[in-house]
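This is target08.txt. It holds compact mmCIF, C-alpha atoms.
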```
# COMPACT_ATOMS: atom_id res chain seq x y z
CA MET A 8 -39.40 -23.73 -18.33
CA THR A 9 -41.67 -20.68 -18.60
CA ASN A 10 -43.35 -18.50 -16.00
CA PRO A 11 -46.89 -19.74 -15.18
CA ALA A 12 -49.84 -17.72 -16.44
CA ASP A 13 -50.93 -16.70 -12.94
CA SER A 14 -47.48 -15.49 -11.86
CA PRO A 15 -46.46 -11.85 -11.27
CA PHE A 16 -43.80 -12.17 -13.97
CA LEU A 17 -44.09 -10.77 -17.48
CA LEU A 18 -41.44 -12.74 -19.37
CA THR A 19 -43.11 -15.71 -21.08
CA GLY A 20 -40.36 -16.89 -23.40
CA VAL A 21 -37.64 -16.12 -25.90
CA SER A 22 -37.47 -16.64 -29.65
CA GLY A 23 -35.21 -15.90 -32.60
CA VAL A 24 -32.05 -16.84 -30.74
CA LYS A 25 -29.32 -16.48 -33.33
CA GLN A 26 -25.55 -16.38 -33.48
CA LEU A 27 -24.49 -13.25 -35.38
CA GLY A 28 -20.73 -13.82 -35.54
CA GLN A 29 -17.52 -13.94 -33.55
CA VAL A 30 -16.14 -11.20 -31.31
CA THR A 31 -12.67 -12.72 -30.90
CA GLY A 32 -10.35 -15.00 -32.83
CA ALA A 33 -8.91 -15.13 -36.33
CA ASN A 34 -12.40 -15.36 -37.84
CA SER A 35 -13.78 -12.33 -36.02
CA PRO A 36 -14.40 -9.07 -37.92
CA GLY A 37 -11.85 -7.37 -35.65
CA LYS A 38 -9.26 -10.06 -36.52
CA THR A 39 -7.98 -10.25 -32.97
CA ASP A 40 -5.31 -12.74 -34.01
CA LYS A 41 -3.24 -9.70 -35.03
CA TYR A 42 -3.02 -8.93 -31.29
CA ALA A 43 -2.06 -12.57 -30.55
CA VAL A 44 -5.62 -13.24 -29.38
CA TYR A 45 -6.37 -16.52 -31.16
CA GLY A 46 -8.38 -17.90 -28.26
CA THR A 47 -10.00 -16.25 -25.24
CA ASP A 48 -13.25 -16.23 -23.24
CA LEU A 49 -15.60 -14.23 -21.00
CA GLY A 50 -15.97 -10.71 -22.46
CA SER A 51 -17.98 -8.84 -19.85
CA MET A 52 -18.78 -5.32 -21.06
CA PHE A 53 -18.86 -1.83 -19.59
CA GLN A 54 -19.00 1.75 -20.86
CA TYR A 55 -16.09 4.16 -20.50
CA ASP A 56 -15.01 7.25 -22.46
CA GLY A 57 -17.66 6.77 -25.15
CA LYS A 58 -16.61 3.18 -25.94
CA THR A 59 -17.73 -0.28 -24.93
CA TRP A 60 -14.91 -2.26 -23.33
CA PHE A 61 -14.73 -6.05 -23.40
CA VAL A 62 -12.89 -7.76 -20.55
CA PHE A 63 -11.51 -11.16 -21.50
CA GLY A 64 -10.15 -13.98 -19.36
CA ASP A 65 -7.33 -16.42 -20.06
CA THR A 66 -6.01 -15.49 -23.51
CA PHE A 67 -3.70 -17.44 -25.79
CA GLY A 68 -1.64 -16.90 -28.92
CA LYS A 69 -1.11 -19.65 -31.48
CA ARG A 70 -3.11 -22.82 -30.86
CA ASP A 71 -2.94 -26.31 -32.30
CA ALA A 72 -5.44 -27.13 -35.03
CA GLY A 73 -8.61 -28.50 -33.50
CA GLN A 74 -7.59 -27.57 -29.95
CA VAL A 75 -10.53 -27.45 -27.54
CA GLY A 76 -10.72 -25.18 -24.51
CA GLY A 77 -8.05 -22.98 -23.02
CA GLY A 78 -4.43 -23.47 -23.97
CA GLY A 79 -1.78 -22.42 -26.42
CA SER A 80 1.23 -20.15 -26.54
CA PHE A 81 1.63 -16.67 -25.05
CA TRP A 82 -0.74 -17.15 -22.11
CA ARG A 83 -2.15 -13.99 -20.53
CA SER A 84 -4.63 -14.13 -17.65
CA SER A 85 -6.64 -11.13 -18.83
CA THR A 86 -6.89 -8.83 -21.85
CA LEU A 87 -9.03 -5.84 -22.79
CA GLY A 88 -10.63 -4.86 -26.09
CA TYR A 89 -12.79 -1.89 -27.05
CA THR A 90 -15.25 -0.82 -29.71
CA SER A 91 -17.18 2.22 -30.88
CA ASP A 92 -19.65 -0.10 -32.64
CA THR A 93 -23.16 1.01 -31.67
CA ASP A 94 -25.07 -1.31 -34.01
CA PRO A 95 -25.20 -4.78 -32.45
CA SER A 96 -27.59 -6.17 -35.08
CA ASP A 97 -24.84 -7.30 -37.46
CA GLY A 98 -22.30 -8.40 -34.85
CA ILE A 99 -19.62 -6.50 -32.99
CA THR A 100 -16.27 -5.42 -34.41
CA LEU A 101 -13.54 -4.62 -31.91
CA ASP A 102 -11.68 -1.42 -32.88
CA GLY A 103 -8.61 -2.49 -30.96
CA MET A 104 -7.14 -3.88 -27.78
CA VAL A 105 -4.92 -2.59 -25.02
CA VAL A 106 -1.47 -3.59 -26.28
CA ASP A 107 2.15 -3.73 -25.21
CA GLY A 108 5.08 -2.08 -26.98
CA SER A 109 5.05 -4.73 -29.71
CA GLY A 110 1.37 -4.24 -30.50
CA LEU A 111 0.16 -7.46 -28.86
CA ALA A 112 -2.66 -7.65 -26.34
CA THR A 113 -1.12 -7.11 -22.94
CA GLU A 114 -1.93 -8.89 -19.67
CA LEU A 115 -3.91 -6.55 -17.41
CA LEU A 116 -3.43 -8.32 -14.08
CA PRO A 117 -0.39 -10.57 -13.55
CA SER A 118 -0.65 -14.05 -12.04
CA LYS A 119 1.87 -16.61 -10.84
CA LYS A 120 0.51 -19.33 -13.17
CA ILE A 121 1.48 -21.96 -10.60
CA ASP A 122 -1.07 -24.70 -9.91
CA ASN A 123 -2.21 -25.02 -6.28
CA ASP A 124 -0.70 -21.59 -5.55
CA GLU A 125 -2.14 -19.12 -8.04
CA MET A 126 -3.03 -20.64 -11.36
CA THR A 127 -4.52 -17.46 -12.84
CA VAL A 128 -6.23 -14.16 -11.97
CA ILE A 129 -9.53 -13.88 -13.83
CA PRO A 130 -11.43 -10.59 -14.29
CA THR A 131 -15.06 -11.48 -13.59
CA HIS A 132 -16.43 -8.07 -14.66
CA GLY A 133 -15.43 -4.49 -15.39
CA PHE A 134 -17.17 -1.22 -14.52
CA GLU A 135 -16.65 2.55 -14.51
CA ALA A 136 -16.68 4.76 -11.42
CA ASN A 137 -15.10 8.05 -10.37
CA GLY A 138 -13.73 8.63 -13.86
CA ALA A 139 -11.71 5.42 -13.67
CA MET A 140 -11.94 1.82 -14.87
CA TYR A 141 -12.30 -0.97 -12.34
CA LEU A 142 -11.98 -4.72 -12.65
CA HIS A 143 -13.38 -7.21 -10.20
CA TRP A 144 -11.03 -10.22 -10.19
CA MET A 145 -10.68 -13.65 -8.61
CA SER A 146 -7.38 -15.39 -7.87
CA VAL A 147 -7.84 -19.03 -8.89
CA ARG A 148 -5.64 -21.44 -6.93
CA HIS A 149 -6.66 -24.60 -8.79
CA TRP A 150 -9.09 -25.62 -11.53
CA GLY A 151 -10.98 -28.63 -10.20
CA VAL A 152 -13.61 -30.86 -11.77
CA PRO A 153 -15.69 -29.16 -14.52
CA GLY A 154 -17.58 -26.24 -13.04
CA GLU A 155 -15.59 -26.15 -9.80
CA TRP A 156 -12.42 -24.32 -8.83
CA GLU A 157 -10.56 -23.22 -5.72
CA VAL A 158 -10.08 -19.49 -5.15
CA ASN A 159 -7.63 -17.61 -2.93
CA ASP A 160 -9.58 -14.36 -2.77
CA ALA A 161 -11.29 -11.71 -4.89
CA GLY A 162 -10.90 -7.94 -5.10
CA LEU A 163 -10.70 -4.86 -7.29
CA ALA A 164 -8.11 -3.32 -9.58
CA LYS A 165 -8.14 0.23 -10.93
CA SER A 166 -6.90 2.00 -14.05
CA THR A 167 -6.80 5.76 -14.64
CA ASP A 168 -5.15 5.59 -18.08
CA SER A 169 -7.79 3.81 -20.18
CA GLY A 170 -6.68 0.34 -19.20
CA ARG A 171 -2.99 0.62 -20.05
CA THR A 172 -1.84 0.08 -16.46
CA TRP A 173 -3.65 -1.33 -13.44
CA SER A 174 -3.15 -1.14 -9.69
CA VAL A 175 -4.54 -3.93 -7.50
CA LEU A 176 -6.36 -2.41 -4.53
CA GLY A 177 -5.72 -3.68 -1.04
CA GLU A 178 -9.41 -3.23 -0.19
CA PRO A 179 -12.14 -4.27 -0.50
CA ARG A 180 -11.38 -7.99 -0.56
CA TRP A 181 -13.63 -11.04 -0.39
CA GLY A 182 -12.66 -14.55 0.71
CA GLY A 183 -12.38 -17.39 -1.77
CA GLU A 184 -15.58 -19.02 -0.48
CA SER A 185 -17.61 -15.81 -0.11
CA HIS A 186 -20.63 -14.95 -2.23
CA PHE A 187 -18.68 -12.26 -4.11
CA VAL A 188 -15.95 -14.23 -5.87
CA GLN A 189 -17.66 -13.47 -9.22
CA VAL A 190 -19.94 -10.48 -9.76
CA SER A 191 -22.16 -8.59 -12.17
CA PRO A 192 -22.39 -4.80 -11.50
CA PHE A 193 -25.03 -2.27 -12.56
CA HIS A 194 -25.34 1.46 -11.87
CA VAL A 195 -28.60 2.55 -10.19
CA THR A 196 -29.60 6.10 -9.22
CA GLU A 197 -31.33 6.26 -5.83
CA GLY A 198 -32.22 9.59 -4.27
CA GLY A 199 -29.97 11.36 -6.74
CA VAL A 200 -26.99 9.19 -5.71
CA ASP A 201 -25.13 6.85 -8.08
CA TRP A 202 -25.06 3.40 -6.54
CA ILE A 203 -23.61 0.22 -8.00
CA TYR A 204 -25.43 -3.02 -7.32
CA PHE A 205 -23.34 -6.20 -7.41
CA TRP A 206 -24.97 -9.59 -7.86
CA GLY A 207 -22.44 -12.17 -6.72
CA ILE A 208 -21.71 -15.88 -6.65
CA THR A 209 -18.98 -17.92 -5.06
CA HIS A 210 -16.28 -19.99 -6.77
CA GLY A 211 -17.47 -22.32 -9.51
CA ARG A 212 -20.94 -22.74 -10.97
CA PHE A 213 -22.96 -24.46 -8.28
CA SER A 214 -24.13 -21.69 -5.94
CA GLY A 215 -26.94 -19.21 -5.63
CA VAL A 216 -26.78 -15.43 -6.06
CA ALA A 217 -26.22 -12.85 -3.32
CA LEU A 218 -26.50 -9.05 -3.58
CA ALA A 219 -24.45 -6.04 -2.46
CA LYS A 220 -24.48 -2.32 -3.19
CA VAL A 221 -22.14 0.62 -2.70
CA GLU A 222 -22.15 4.29 -3.59
CA ALA A 223 -20.08 4.56 -6.74
CA SER A 224 -17.99 7.35 -5.21
CA LYS A 225 -17.07 5.04 -2.29
CA VAL A 226 -16.40 1.81 -4.17
CA GLU A 227 -12.86 1.61 -2.75
CA ASP A 228 -14.06 1.92 0.87
CA PRO A 229 -14.90 -1.54 2.27
CA THR A 230 -16.97 0.05 5.07
CA ALA A 231 -19.31 1.63 2.50
CA TRP A 232 -20.41 -1.71 1.05
CA LYS A 233 -23.86 -2.98 2.06
CA TYR A 234 -24.96 -6.61 1.77
CA PHE A 235 -28.60 -7.63 1.36
CA THR A 236 -29.94 -9.78 4.20
CA LYS A 237 -33.75 -9.81 3.94
CA THR A 238 -36.85 -7.70 3.41
CA ASP A 239 -38.84 -6.37 6.35
CA GLY A 240 -42.58 -6.67 6.90
CA ALA A 241 -43.21 -3.85 4.42
CA GLY A 242 -41.05 -5.50 1.77
CA GLU A 243 -38.19 -3.03 2.20
CA PRO A 244 -34.64 -4.37 1.77
CA GLN A 245 -32.42 -4.70 4.82
CA TRP A 246 -28.64 -4.44 4.56
CA SER A 247 -25.60 -5.42 6.60
CA SER A 248 -22.01 -4.19 6.57
CA SER A 249 -20.78 -7.78 6.69
CA PRO A 250 -20.44 -9.88 3.51
CA ASP A 251 -20.89 -12.97 5.69
CA ALA A 252 -24.45 -11.83 6.43
CA ALA A 253 -25.45 -11.74 2.76
CA SER A 254 -28.48 -13.83 1.90
CA ILE A 255 -29.15 -15.81 -1.26
CA VAL A 256 -31.59 -13.90 -3.48
CA LEU A 257 -31.74 -16.58 -6.18
CA ASP A 258 -31.15 -20.23 -5.34
CA ASP A 259 -29.80 -22.12 -8.36
CA THR A 260 -26.58 -23.45 -9.89
CA VAL A 261 -25.31 -20.15 -11.30
CA GLY A 262 -22.15 -19.57 -13.34
CA GLU A 263 -20.87 -16.39 -15.05
CA LEU A 264 -23.91 -14.23 -14.40
CA SER A 265 -24.94 -10.97 -16.06
CA VAL A 266 -27.68 -8.65 -14.77
CA VAL A 267 -29.14 -5.57 -16.50
CA TRP A 268 -32.34 -3.51 -16.40
CA ASN A 269 -34.66 -4.21 -19.33
CA ASP A 270 -36.99 -1.44 -20.52
CA PHE A 271 -39.28 -3.77 -22.50
CA LEU A 272 -40.21 -5.70 -19.36
CA GLY A 273 -39.67 -2.84 -16.93
CA ARG A 274 -37.84 -5.45 -14.89
CA TRP A 275 -34.36 -6.83 -14.26
CA ILE A 276 -33.08 -9.70 -16.37
CA MET A 277 -30.32 -12.11 -15.45
CA THR A 278 -28.47 -14.47 -17.79
CA TYR A 279 -26.13 -17.21 -16.62
CA LEU A 280 -24.88 -20.71 -17.22
CA ARG A 281 -27.14 -23.19 -15.47
CA GLU A 282 -24.75 -26.11 -15.25
CA GLY A 283 -26.04 -29.07 -17.24
CA ASP A 284 -28.89 -27.15 -18.87
CA GLY A 285 -27.05 -24.42 -20.78
CA VAL A 286 -27.49 -20.66 -20.76
CA VAL A 287 -30.74 -19.32 -19.29
CA ILE A 288 -32.51 -16.02 -18.65
CA ARG A 289 -34.65 -15.01 -15.66
CA GLU A 290 -36.74 -11.96 -14.83
CA GLY A 291 -36.43 -10.15 -11.50
CA ILE A 292 -39.05 -7.83 -10.03
CA ASN A 293 -36.52 -6.21 -7.65
CA PRO A 294 -32.74 -6.53 -7.45
CA TRP A 295 -33.31 -8.92 -4.55
CA GLY A 296 -36.12 -10.73 -6.33
CA PRO A 297 -38.34 -12.51 -6.58
CA TRP A 298 -36.90 -14.04 -9.75
CA GLY A 299 -38.93 -15.94 -12.32
CA HIS A 300 -38.33 -19.40 -13.71
CA PRO A 301 -35.25 -20.00 -15.88
CA ILE A 302 -35.94 -19.91 -19.63
CA THR A 303 -33.39 -21.46 -21.98
CA LEU A 304 -31.46 -19.16 -24.31
CA VAL A 305 -28.79 -21.56 -25.58
CA GLY A 306 -29.03 -25.22 -24.62
CA ALA A 307 -26.08 -27.18 -23.28
CA THR A 308 -25.86 -29.20 -26.51
CA ASP A 309 -26.74 -26.41 -28.97
CA VAL A 310 -23.05 -25.49 -29.24
CA PRO A 311 -19.96 -27.20 -27.79
CA GLY A 312 -19.79 -25.77 -24.28
CA PRO A 313 -21.68 -22.44 -23.92
CA TYR A 314 -20.95 -20.21 -20.92
CA ALA A 315 -20.53 -16.56 -19.84
CA PRO A 316 -23.62 -14.97 -21.47
CA PHE A 317 -22.76 -11.31 -20.84
CA MET A 318 -25.17 -8.48 -21.66
CA ALA A 319 -24.71 -4.70 -21.78
CA PRO A 320 -27.54 -2.15 -21.36
CA ASN A 321 -26.50 -0.22 -24.49
CA TYR A 322 -26.90 -3.28 -26.73
CA THR A 323 -30.65 -3.72 -27.16
CA ALA A 324 -33.22 -2.89 -29.85
CA ASP A 325 -37.00 -2.41 -30.12
CA GLY A 326 -37.21 -0.78 -26.71
CA GLY A 327 -35.43 -3.71 -25.08
CA ARG A 328 -37.48 -6.46 -26.71
CA THR A 329 -34.37 -7.56 -28.62
CA ILE A 330 -31.37 -8.28 -26.44
CA TYR A 331 -27.81 -8.97 -27.55
CA PHE A 332 -25.18 -10.85 -25.59
CA GLY A 333 -21.71 -12.27 -25.88
CA LEU A 334 -21.31 -16.00 -25.35
CA SER A 335 -18.14 -17.98 -24.76
CA ILE A 336 -18.02 -21.34 -26.55
CA TRP A 337 -15.51 -23.87 -25.22
CA ASP A 338 -14.85 -25.29 -28.67
CA PRO A 339 -13.30 -23.23 -30.34
CA TYR A 340 -12.63 -21.19 -27.14
CA ASN A 341 -13.71 -17.78 -28.37
CA VAL A 342 -16.45 -15.23 -27.73
CA PHE A 343 -19.44 -15.09 -30.08
CA TRP A 344 -22.25 -12.55 -30.50
CA TYR A 345 -25.93 -13.50 -30.14
CA LYS A 346 -29.39 -11.96 -30.28
CA ALA A 347 -32.73 -13.03 -28.80
CA GLU A 348 -36.29 -11.72 -28.78
CA LEU A 349 -38.19 -11.47 -25.47
CA SER A 350 -41.90 -12.25 -25.23
CA LYS A 351 -44.20 -11.02 -22.48
CA ASP A 352 -47.81 -11.11 -21.34
```
Go ahead and render the structure in this file as structure tokens.
Amino acid sequence: MTNPADSPFLLTGVSGVKQLGQVTGANSPGKTDKYAVYGTDLGSMFQYDGKTWFVFGDTFGKRDAGQVGGGGSFWRSSTLGYTSDTDPSDGITLDGMVVDGSGLATELLPSKKIDNDEMTVIPTHGFEANGAMYLHWMSVRHWGVPGEWEVNDAGLAKSTDSGRTWSVLGEPRWGGESHFVQVSPFHVTEGGVDWIYFWGITHGRFSGVALAKVEASKVEDPTAWKYFTKTDGAGEPQWSSSPDAASIVLDDTVGELSVVWNDFLGRWIMTYLREGDGVVIREGINPWGPWGHPITLVGATDVPGPYAPFMAPNYTADGGRTIYFGLSIWDPYNVFWYKAELSKD
């Protein structure tokens, strides 16, 4: 679907969508198998200390030949890689990973790994604030039917030693059915103040998107978080201190979302898995919308199980016309690197 000619949106389509290589796995240029990362997914990105950091989800060591999806030996719920690679045009090479004493990728956030209690703790995105690293995580109680899962709660963890150790914060926390179980953060300067906007969805891949913001310096203070409720008669956003008051700013079946500002459009862009259709991109005029029609990036049958199309603002070219993104592929359960060209009126 494309935006109609008489719409206020600029994005008319995408072209040149191409897989440039793997980010993880034995066939990746970084050879992550040497860290016992033979299979992993997600790979949200953030900047810290002059590097780009990739946050991965459930990670496994040796896997059976032809194995599809998650599984294998040496299960870790989360791992972290990094790169100084500033040229995304030929793929991304990880320089290394956060490792344990034996040189293997270490689990960032522990989980019980007990079904119907706490199956795993997944980092949905990372970000930098106050000179520290933060992870937003969700505690998954049970994986349900495809695209659905049960969640205990979601919260933040913090590292002040470049990801080697993490402390799980007591606050803020969000309930397992709230709109902020999975998030995509982005720094925005307003009135000389560094704010972080968080676009959020609930558990699974069948809900719409809500919006929150917080001053970066107060990210650990739950009372400082503001949740978008509506716009007033002048089109100005209204905010509440209660996450339960958050409104849906984009109504769709949204999974593993990523939101960044795009200079080529002068607008926001959002990528996500639209369950059943594949990975799509949409243009937003404001953080709270309106949002344009979904345009397909990678179709549901183009590769075996695409999801988690994560972007980073430092990985673009041609003034933002070319975007790059990581994409998880269920078979062979690794993260791959893609490019796409945006077209506009």
Write out, as a Markdown table, each residue of stretch 80-179 of chain A that has an atom at most 10 Å from stretch 38-57 of chain A, together with the closest pair of atoms and their distance in Å to one decimal, counting all atoms listed in the file, rows going by chain and rising number.
```
| residue | atom | partner | partner_atom | distance |
| --- | --- | --- | --- | --- |
| A:Ser80 | CA | A:Ala43 | CA | 9.2 |
| A:Phe81 | CA | A:Ala43 | CA | 7.8 |
| A:Trp82 | CA | A:Val44 | CA | 9.6 |
| A:Arg83 | CA | A:Thr47 | CA | 9.4 |
| A:Ser84 | CA | A:Thr47 | CA | 9.5 |
| A:Ser85 | CA | A:Thr47 | CA | 8.9 |
| A:Thr86 | CA | A:Thr47 | CA | 8.7 |
| A:Leu87 | CA | A:Gly50 | CA | 8.5 |
| A:Gly88 | CA | A:Gly50 | CA | 8.7 |
| A:Tyr89 | CA | A:Met52 | CA | 9.1 |
| A:Thr90 | CA | A:Gly57 | CA | 9.2 |
| A:Ser91 | CA | A:Gly57 | CA | 7.3 |
| A:Thr100 | CA | A:Lys38 | CA | 8.7 |
| A:Leu101 | CA | A:Thr39 | CA | 8.0 |
| A:Asp102 | CA | A:Thr39 | CA | 9.6 |
| A:Gly103 | CA | A:Thr39 | CA | 8.0 |
| A:Met104 | CA | A:Tyr42 | CA | 7.4 |
| A:Val105 | CA | A:Tyr42 | CA | 9.1 |
| A:Val106 | CA | A:Tyr42 | CA | 7.5 |
| A:Asp107 | CA | A:Tyr42 | CA | 9.5 |
| A:Ser109 | CA | A:Tyr42 | CA | 9.2 |
| A:Gly110 | CA | A:Tyr42 | CA | 6.5 |
| A:Leu111 | CA | A:Tyr42 | CA | 4.3 |
| A:Ala112 | CA | A:Tyr42 | CA | 5.1 |
| A:Thr113 | CA | A:Tyr42 | CA | 8.8 |
| A:Ile129 | CA | A:Leu49 | CA | 9.4 |
| A:Pro130 | CA | A:Leu49 | CA | 8.7 |
| A:Thr131 | CA | A:Ser51 | CA | 7.4 |
| A:His132 | CA | A:Ser51 | CA | 5.5 |
| A:Gly133 | CA | A:Phe53 | CA | 6.0 |
| A:Phe134 | CA | A:Phe53 | CA | 5.4 |
| A:Glu135 | CA | A:Tyr55 | CA | 6.2 |
| A:Ala136 | CA | A:Tyr55 | CA | 9.1 |
| A:Gly138 | CA | A:Tyr55 | CA | 8.3 |
| A:Ala139 | CA | A:Tyr55 | CA | 8.2 |
| A:Met140 | CA | A:Tyr55 | CA | 7.4 |
| A:Tyr141 | CA | A:Phe53 | CA | 9.8 |
| A:Ser169 | CA | A:Tyr55 | CA | 8.3 |
```
Could you pull the residues within 10 Å of stretch 199-203 of chain A, counting all atoms listed in the file, minus those fewer than 5 positions along the same chain, as a ChimeraX atom specification? /A:134-136,191-194,219-226,232
Using all atoms listed in the file, which residues sit within 7 Å of stretch 146-155 of chain A once same-chain residues fewer than 2 positions away are excluded, as a list in words?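 Close residues of stretch 146-155 of chain A: Asp122, Asn123, Asp124, Glu125, Met126, Thr127, Val128, Ile129, Trp144, Glu157, Val158, Asn159, Asp160, Ala161, His210, Gly211 and Arg212 of chain A.
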With only C-alpha atoms as the atoms that count, which of A:Gly37, A:Thr308, A:Ser14, A:Lys25 lies nearest to A:Tyr331?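 Closest candidate: A:Lys25.
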Do you have, as a tab-separated table, the list of residues of stretch 234-311 of chain A lying at most 12 Å from stretch 336-342 of chain A, each with its nearest atom pair and that distance in Å to one decimal, counting all atoms listed in the file and ordered by chain then number?
```
residue	atom	partner	partner_atom	distance
A:Leu280	CA	A:Ile336	CA	11.6
A:Gly285	CA	A:Ile336	CA	11.1
A:Val286	CA	A:Ile336	CA	11.1
A:Val305	CA	A:Ile336	CA	10.8
A:Gly306	CA	A:Ile336	CA	11.8
A:Ala307	CA	A:Ile336	CA	10.5
A:Thr308	CA	A:Ile336	CA	11.1
A:Asp309	CA	A:Ile336	CA	10.4
A:Val310	CA	A:Ile336	CA	7.1
A:Pro311	CA	A:Asp338	CA	5.5
```
Need the shell around A:Leu27: protein/DNA/RNA residues with any atom at most 10 Å away, counting all atoms listed in the file. Skip same-chain ones fewer than 6 positions apart. Format as a list in words?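 Contacts, in chain order: Pro95, Ser96, Asp97, Gly98, Ile99, Tyr331, Gly333, Phe343, Trp344, Tyr345 and Lys346 of chain A.
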Rank A:Trp206, A:Val62, A:Ile276, A:Ser249 by their smallest atom-to-atom distance to A:Gly299, using only C-alpha atoms, and report the top residue only.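 Closest candidate: A:Ile276.
Our summary of the geometry notes that atom CA of A:Ala319 is positioned 18.7 Å from atom CA of A:Val261.
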A:Thr238 environment, 12 Å, all atoms listed in the file, sequence neighbours closer than 4 positions dropped, as a PyMOL selection string: chain A and resi 242-247+254+256+293-297
Store the residues picked out above, limited to C-alpha atoms, as an mmCIF file, in the coordinates of the input.
```
data_model
loop_
_atom_site.group_PDB
_atom_site.id
_atom_site.type_symbol
_atom_site.label_atom_id
_atom_site.label_comp_id
_atom_site.auth_asym_id
_atom_site.auth_seq_id
_atom_site.Cartn_x
_atom_site.Cartn_y
_atom_site.Cartn_z
ATOM 1 C CA GLY A 242 -41.050 -5.500 1.770
ATOM 2 C CA GLU A 243 -38.190 -3.030 2.200
ATOM 3 C CA PRO A 244 -34.640 -4.370 1.770
ATOM 4 C CA GLN A 245 -32.420 -4.700 4.820
ATOM 5 C CA TRP A 246 -28.640 -4.440 4.560
ATOM 6 C CA SER A 247 -25.600 -5.420 6.600
ATOM 7 C CA SER A 254 -28.480 -13.830 1.900
ATOM 8 C CA VAL A 256 -31.590 -13.900 -3.480
ATOM 9 C CA ASN A 293 -36.520 -6.210 -7.650
ATOM 10 C CA PRO A 294 -32.740 -6.530 -7.450
ATOM 11 C CA TRP A 295 -33.310 -8.920 -4.550
ATOM 12 C CA GLY A 296 -36.120 -10.730 -6.330
ATOM 13 C CA PRO A 297 -38.340 -12.510 -6.580
#
```
Quick one: pull the distance between atom CA of A:Trp298 and atom CA of A:Pro15, Å, one decimal.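 Taking atom CA of A:Trp298 as the start and atom CA of A:Pro15 as the end point, the length is 9.9 Å.
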Between atom CA of A:Val266 and atom CA of A:Glu184, distance in Å (one decimal):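 So the two atoms, atom CA of A:Val266 and atom CA of A:Glu184, lie 21.4 Å apart.
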Between A:Leu18, A:Met318, A:Ala241, A:Ala252, smallest distance to A:Pro301 by only C-alpha atoms belongs to A:Leu18
Restricting the calculation to only C-alpha atoms: of A:Gly198, A:Gly64, A:Pro250, A:Pro179, which residue gets closest to A:Ala315?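 Once distances to A:Ala315 are computed over only C-alpha atoms, the minimum belongs to A:Gly64.
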If we count all atoms listed in the file and set the cut-off at 12 Å, which residues sit around A:Glu348, ignoring sequence neighbours fewer than 2 positions away in its own chain? Please answer as a ChimeraX atom specification. /A:18-25,271-272,288,304,323-332,345-346,350-351
Between A:Phe63, A:Trp268, A:Tyr314, A:Trp173, which residue has the minimum interatomic distance to A:Glu282, considering only C-alpha atoms?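 The shortest atom-to-atom distance to A:Glu282 comes from A:Tyr314.
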Would you list the residues near (-22.4, -20.5, -6.2), meaning any protein, DNA or RNA residue with an atom at most 10 Å from that point in file coordinates, counting only C-alpha atoms, as a ChimeraX atom specification? /A:155,184-189,207-217,255,258-263
